[in-house]
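Working notes, structure below.
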Amino acid sequence: MKRSKLGPWLAIAIGAIYFLVPLIGTFEFSLRMRRGEYSFDAYRIVLADPQFQATFTYSTCLALATIVVGVLLVVPTAYWIQLRLPRLRPVVEFITLLPLVIPAIVLVFGYLRIYNSSSPLPMTSSDRATDVLLTFGYVTLALPYMYRAVDNGLRAIDVRTLTEAAESLGASWPTILFRVIFPNVRTAVLSGAFLTFAIVIGEFTMASLLDRPAFGPYLQLIGANRAYEPSALAIIAFIVTWGCMGLIQVFGSGARLASDTR
Amino acid sequence: MPVISAPRNGLDRMSWAWVGVVPFFAFALMFLILPTGFLMVGAFQDAGGHFTLANIWNLFQPSILSAYWISIEVSAVSAFGGAVIGFFLAYAGVLGGLPRWIRPALMTFSGVASNFAGVPLAFAFLATLGRAGLVTALLVKYLDFNLYSTGFNLLSFWGLALTYLYFQIPLMVLILTPALDGLKRDWREASAILGASAWQYWRYVALPVLWPSLLGTSLLLFANAFGAIATAYGLTGSSLNIVTILLYAQIRGDVLHDENLGYALALGMILITGLSNLAYIWLRGRSERWLR
């Protein structure tokens with residue numbers, strides 16, 4: 001069947017314009033700091049800003065902690081559900097989808113009320129404790145993506161046979177989990193990890209309301225007070241996001257993952 | 001709670017198997033269910049902890065109602081726009097018969113753009129369509145057209161909806177592409193052999209199969225926009241009265257002067273996103289009947 005390709009080309013062209021123009025506009029704006037000529041001054045100032053370095057490092061550390069906690073929580077659970085408790089699968093899947101239903105701002109509101117300094121578990125009483133709470137909050141936000149990524153990875157391998165083979169060779173549970181299962185779902189875990197990183201690095205709501213010096217609140221602060229630096233920061237943030245998604249593509253089929261996790 | 005039924009692996013092994021999921025359920029309880037439950041219960045209590053419906057009743061005051069309403073409108077407009085444009089983009093990428101490289105490029109870019117939300121996205125649109133933005137300036141320079149003289153303002157309802165489209169459209173593309181892949185070639189060929197036009201094929205075959213996905217994904221986009229705050233906050237500060245920004249201000253400084261009213265505000269948000277997600281899940285179940 002021969003059909004006109006004008007419509008599809010038009011759709012792609014309009015889409016491309018809508019998505020590329022803001023990027024071009026932002027980039028152009030970020031170069032305008034020096035009067036009358038283009039320069040990378042805004043980037044130089046941003047990158048040299050100790051606040052930028054501190055908040056970016058903080059958010060990176062938090063993202064890594066989130067990934068570690070998330071993987072340690074999700075992989076054994078998904079493995080165990082697959083192997084022993086398939087009946088619980090709908091319950092667990094439902095719970096992992098809840099963070100898409102409950103807005104982050106509502107979750108953090110609840111944290112502030114339950115874990116305030118006069119509660120039995122005062123997780124907002126010191127900076128370290130709040131960091132832990134924020135990490136757990138981020139694990140919650142990343143749960144839908146991480147769980148779906150890992151679950152897809154586990155479905156692709158024969159968990160039962162691998163486990164029984166390892167058991168019959170005398171492997172202990174930690175050995176099975178860390179030396180048999182983990183290496184087999186490595187690509188899935190990495191996909192989930194990069195997606196988590198992209199979500200956490202610029203997250204604003206939770207960090208701001210828990211009053212921690214993360215990258216998201218810093219971005220907002222700069223946006224409210226400076227002219228050209230925000231554009232430079234937006235470009236940097238876009239490159240980081242692009243990097244994470246690119247790495248997912250490198251390590252596995254990113255498009256499939258992203259569509260399955262929603 | 002799950003029903004305990006006849007275990008497959010023998011009683012003694014099964015009876016201890018649940019220990020393996022304790023960490024997960026403990027985590028979900030502590031950081032997902034209890035915090036939300038606390039707010040939901042608090043919405044029905046007064047300051048002294050007694051049961052009351054006053055908080056729910058107080059939600060129906062003009063300033064709060066308008067915040068909900070603006071949020072619903074922005075979310076609906078951006079969800080509808082995202083769904084329509086995203087559908088055409090996904091269609092072009094999957095069924096448009098375009099060169100091979102278009103599809104992976106579209107998917108990769110959608111993956112990036114759907115995650116490029118929040119404060120940086122607000123910056124990007126300010127630099128493009130703000131008063132000093134590139135497009136605004138170019139329009140004045142070359143077409144002598146002042147965008148802002150038409151009443152357009154990026155820091156307004158339509159500006160926010162336009163900005164939200166930047167992550168709504170790619171999300172639609174990502175979710176809808178597998179559904180479009182599920183449209184079988186045979187159906188199209190069969191309808192062509194029976195003499196159906198392209199319009200008739202879409203009207204009587206493709207759209208009836210796709211509509212649960214289309215509608216369901218639109219609802220997901222709606223919930224996605226409804227719970228968003230960082231983009232709006234980065235764009236307009238606290239000048240636009242949407243419900244997430246109102247709740248943010250309430251948490252920061254108790255602007256409603258009533259702690260429990262804040263809980264009710266949160267409860268209302270969960271109800272709205274919860275209902276649209278439930279409808280999404282139901283519709284997805286329907287669409288999966290055909291698209292396997």
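Labeling convention for the structure tokens: chains A, B, ... as they appear, residues from 1 per chain, ligands from 1 in order of appearance.
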Neighbouring residues of Ser117 of chain A were defined as those with any atom within 12 Å, considering only C-alpha atoms; residues of the same chain fewer than 6 positions away were excluded. Please report them as a PDB file with N, CA and C atoms, in the first residue's frame.
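Done, and the output landed in out36.pdb:
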ATOM      1  N   TYR A 111       6.532  12.269  55.812  1.00  0.00           N
ATOM      2  CA  TYR A 111       7.814  12.046  56.515  1.00  0.00           C
ATOM      3  C   TYR A 111       8.025  13.105  57.592  1.00  0.00           C
ATOM      4  N   MET A 123      14.007  11.150  62.595  1.00  0.00           N
ATOM      5  CA  MET A 123      14.965  11.119  61.481  1.00  0.00           C
ATOM      6  C   MET A 123      15.252  12.502  60.912  1.00  0.00           C
ATOM      7  N   THR A 124      14.617  13.532  61.460  1.00  0.00           N
ATOM      8  CA  THR A 124      14.942  14.868  60.979  1.00  0.00           C
ATOM      9  C   THR A 124      15.677  15.674  62.039  1.00  0.00           C
ATOM     10  N   SER A 125      16.140  14.984  63.088  1.00  0.00           N
ATOM     11  CA  SER A 125      16.739  15.726  64.201  1.00  0.00           C
ATOM     12  C   SER A 125      18.186  16.121  63.914  1.00  0.00           C
ATOM     13  N   SER A 126      18.904  15.347  63.094  1.00  0.00           N
ATOM     14  CA  SER A 126      20.272  15.743  62.755  1.00  0.00           C
ATOM     15  C   SER A 126      20.462  15.654  61.241  1.00  0.00           C
ATOM     16  N   ASP A 127      21.513  16.314  60.756  1.00  0.00           N
ATOM     17  CA  ASP A 127      21.741  16.317  59.306  1.00  0.00           C
ATOM     18  C   ASP A 127      21.950  14.904  58.765  1.00  0.00           C
ATOM     19  N   ALA A 129      20.928  12.050  59.957  1.00  0.00           N
ATOM     20  CA  ALA A 129      19.682  11.284  59.981  1.00  0.00           C
ATOM     21  C   ALA A 129      18.765  11.734  58.843  1.00  0.00           C
ATOM     22  N   THR A 130      18.755  13.047  58.565  1.00  0.00           N
ATOM     23  CA  THR A 130      17.908  13.538  57.483  1.00  0.00           C
ATOM     24  C   THR A 130      18.420  13.047  56.143  1.00  0.00           C
TER      25      THR A 130
END
Review point. Once you count only C-alpha atoms, which residues of chain A turn out to be within 7 Å of chain B? Could you give them as an MDAnalysis selection string?
Key: chainID A and resid 5 8 11:12 22:23 25:26 29 73 77 80 84 88 101:103 106:107 109:111 114 137 204:205 219:220 230:231 234 237:238 241:242 245 255 258:259
Closest atom pairs, segment 182-267 of chain B residues within 6 Å of segment 64-69 of chain B, only C-alpha atoms, as JSON lines:
{"residue": "B:Asn241", "atom": "CA", "partner": "B:Ala67", "partner_atom": "CA", "distance": 5.2}
{"residue": "B:Ile242", "atom": "CA", "partner": "B:Ala67", "partner_atom": "CA", "distance": 4.5}
{"residue": "B:Val243", "atom": "CA", "partner": "B:Ala67", "partner_atom": "CA", "distance": 4.8}
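Pairwise distance (atom CA of Gly82 of chain B, atom CA of Gln168 of chain B) equals 5.0 Å.
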Practice item. Please identify all polymer residues within 10 Å of Leu147 of chain B, counting only C-alpha atoms, omitting same-chain residues fewer than 2 positions from it, and present them as a list in words. Key: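 Those residues are Leu129, Gly130, Arg131, Val135, Thr136, Ala137, Leu139, Val140, Asp144, Phe145, Ser149, Thr150, Gly151, Phe152 and Asn153 of chain B.
Atom CA of Ile199 of chain A is positioned 11.8 Å from atom CA of Pro144 of chain A.
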**Study point:** Residue contacts of Phe222 of chain B (6 Å, only C-alpha atoms) excluding same-chain residues fewer than 4 positions away, as an MDAnalysis selection string
**Key:** chainID B and resid 75:76 79
Practice item. Please provide the set of residues having any atom within 12 Å of Val71 of chain A, restricted to only C-alpha atoms, with same-chain residues fewer than 2 positions apart removed, written as a ChimeraX atom specification. Key: /A:64-69,73-79,139-140,142-143,145-151,177-178,182,185-186,188-194,196 /B:24
Review point. Please, what distance in Å, to one decimal, runs between atom CA of Ala214 of chain A and atom CA of Thr55 of chain A?
Key: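 Separation of atom CA of Ala214 of chain A and atom CA of Thr55 of chain A: 4.8 Å.
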Exercise for review: Report as a count of residues only: the residues of segment 85-150 of chain B with a DSSP assignment of alpha helix (DSSP H), based on the backbone of this structure.
Suggested key: 46
Practice item. With a distance cut-off of 9 Å and only C-alpha atoms, select the neighbouring residues of Asp41 of chain A, excluding the residue or stretch itself and same-chain residues fewer than 3 positions from it, and output the selection as a ChimeraX atom specification. Key: /A:30-34,38,44-46,229
Write the residues you've just listed into a file as a JSON list (two decimals), in the first residue's frame, and include N, CA, C and O atoms for each of them.
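Just written: result01.json:
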[["chain", "number", "residue", "atom", "x", "y", "z"],
["A", 30, "SER", "N", 22.82, 30.98, 27.39],
["A", 30, "SER", "CA", 23.90, 30.74, 28.34],
["A", 30, "SER", "C", 25.22, 31.33, 27.87],
["A", 30, "SER", "O", 26.14, 31.50, 28.65],
["A", 31, "LEU", "N", 25.31, 31.63, 26.56],
["A", 31, "LEU", "CA", 26.57, 32.18, 26.02],
["A", 31, "LEU", "C", 26.59, 33.70, 26.03],
["A", 31, "LEU", "O", 27.58, 34.32, 25.69],
["A", 32, "ARG", "N", 25.45, 34.31, 26.42],
["A", 32, "ARG", "CA", 25.29, 35.76, 26.25],
["A", 32, "ARG", "C", 25.85, 36.59, 27.40],
["A", 32, "ARG", "O", 25.63, 37.79, 27.44],
["A", 33, "MET", "N", 26.52, 35.98, 28.35],
["A", 33, "MET", "CA", 26.88, 36.72, 29.56],
["A", 33, "MET", "C", 27.76, 37.94, 29.27],
["A", 33, "MET", "O", 27.56, 39.01, 29.83],
["A", 34, "ARG", "N", 28.76, 37.77, 28.40],
["A", 34, "ARG", "CA", 29.63, 38.89, 28.07],
["A", 34, "ARG", "C", 28.92, 39.75, 27.02],
["A", 34, "ARG", "O", 28.40, 39.22, 26.04],
["A", 38, "TYR", "N", 29.70, 36.12, 22.23],
["A", 38, "TYR", "CA", 29.42, 34.85, 22.89],
["A", 38, "TYR", "C", 30.63, 34.41, 23.69],
["A", 38, "TYR", "O", 31.77, 34.54, 23.25],
["A", 44, "ARG", "N", 31.89, 28.98, 33.19],
["A", 44, "ARG", "CA", 33.08, 29.11, 34.03],
["A", 44, "ARG", "C", 32.67, 29.50, 35.46],
["A", 44, "ARG", "O", 33.14, 28.93, 36.44],
["A", 45, "ILE", "N", 31.77, 30.47, 35.53],
["A", 45, "ILE", "CA", 31.34, 30.94, 36.85],
["A", 45, "ILE", "C", 30.61, 29.84, 37.61],
["A", 45, "ILE", "O", 30.89, 29.59, 38.79],
["A", 46, "VAL", "N", 29.71, 29.14, 36.90],
["A", 46, "VAL", "CA", 28.94, 28.08, 37.56],
["A", 46, "VAL", "C", 29.86, 26.98, 38.06],
["A", 46, "VAL", "O", 29.80, 26.56, 39.22],
["A", 229, "GLU", "N", 23.45, 32.26, 34.46],
["A", 229, "GLU", "CA", 23.88, 30.98, 35.03],
["A", 229, "GLU", "C", 22.81, 29.90, 34.95],
["A", 229, "GLU", "O", 23.14, 28.73, 34.70]]
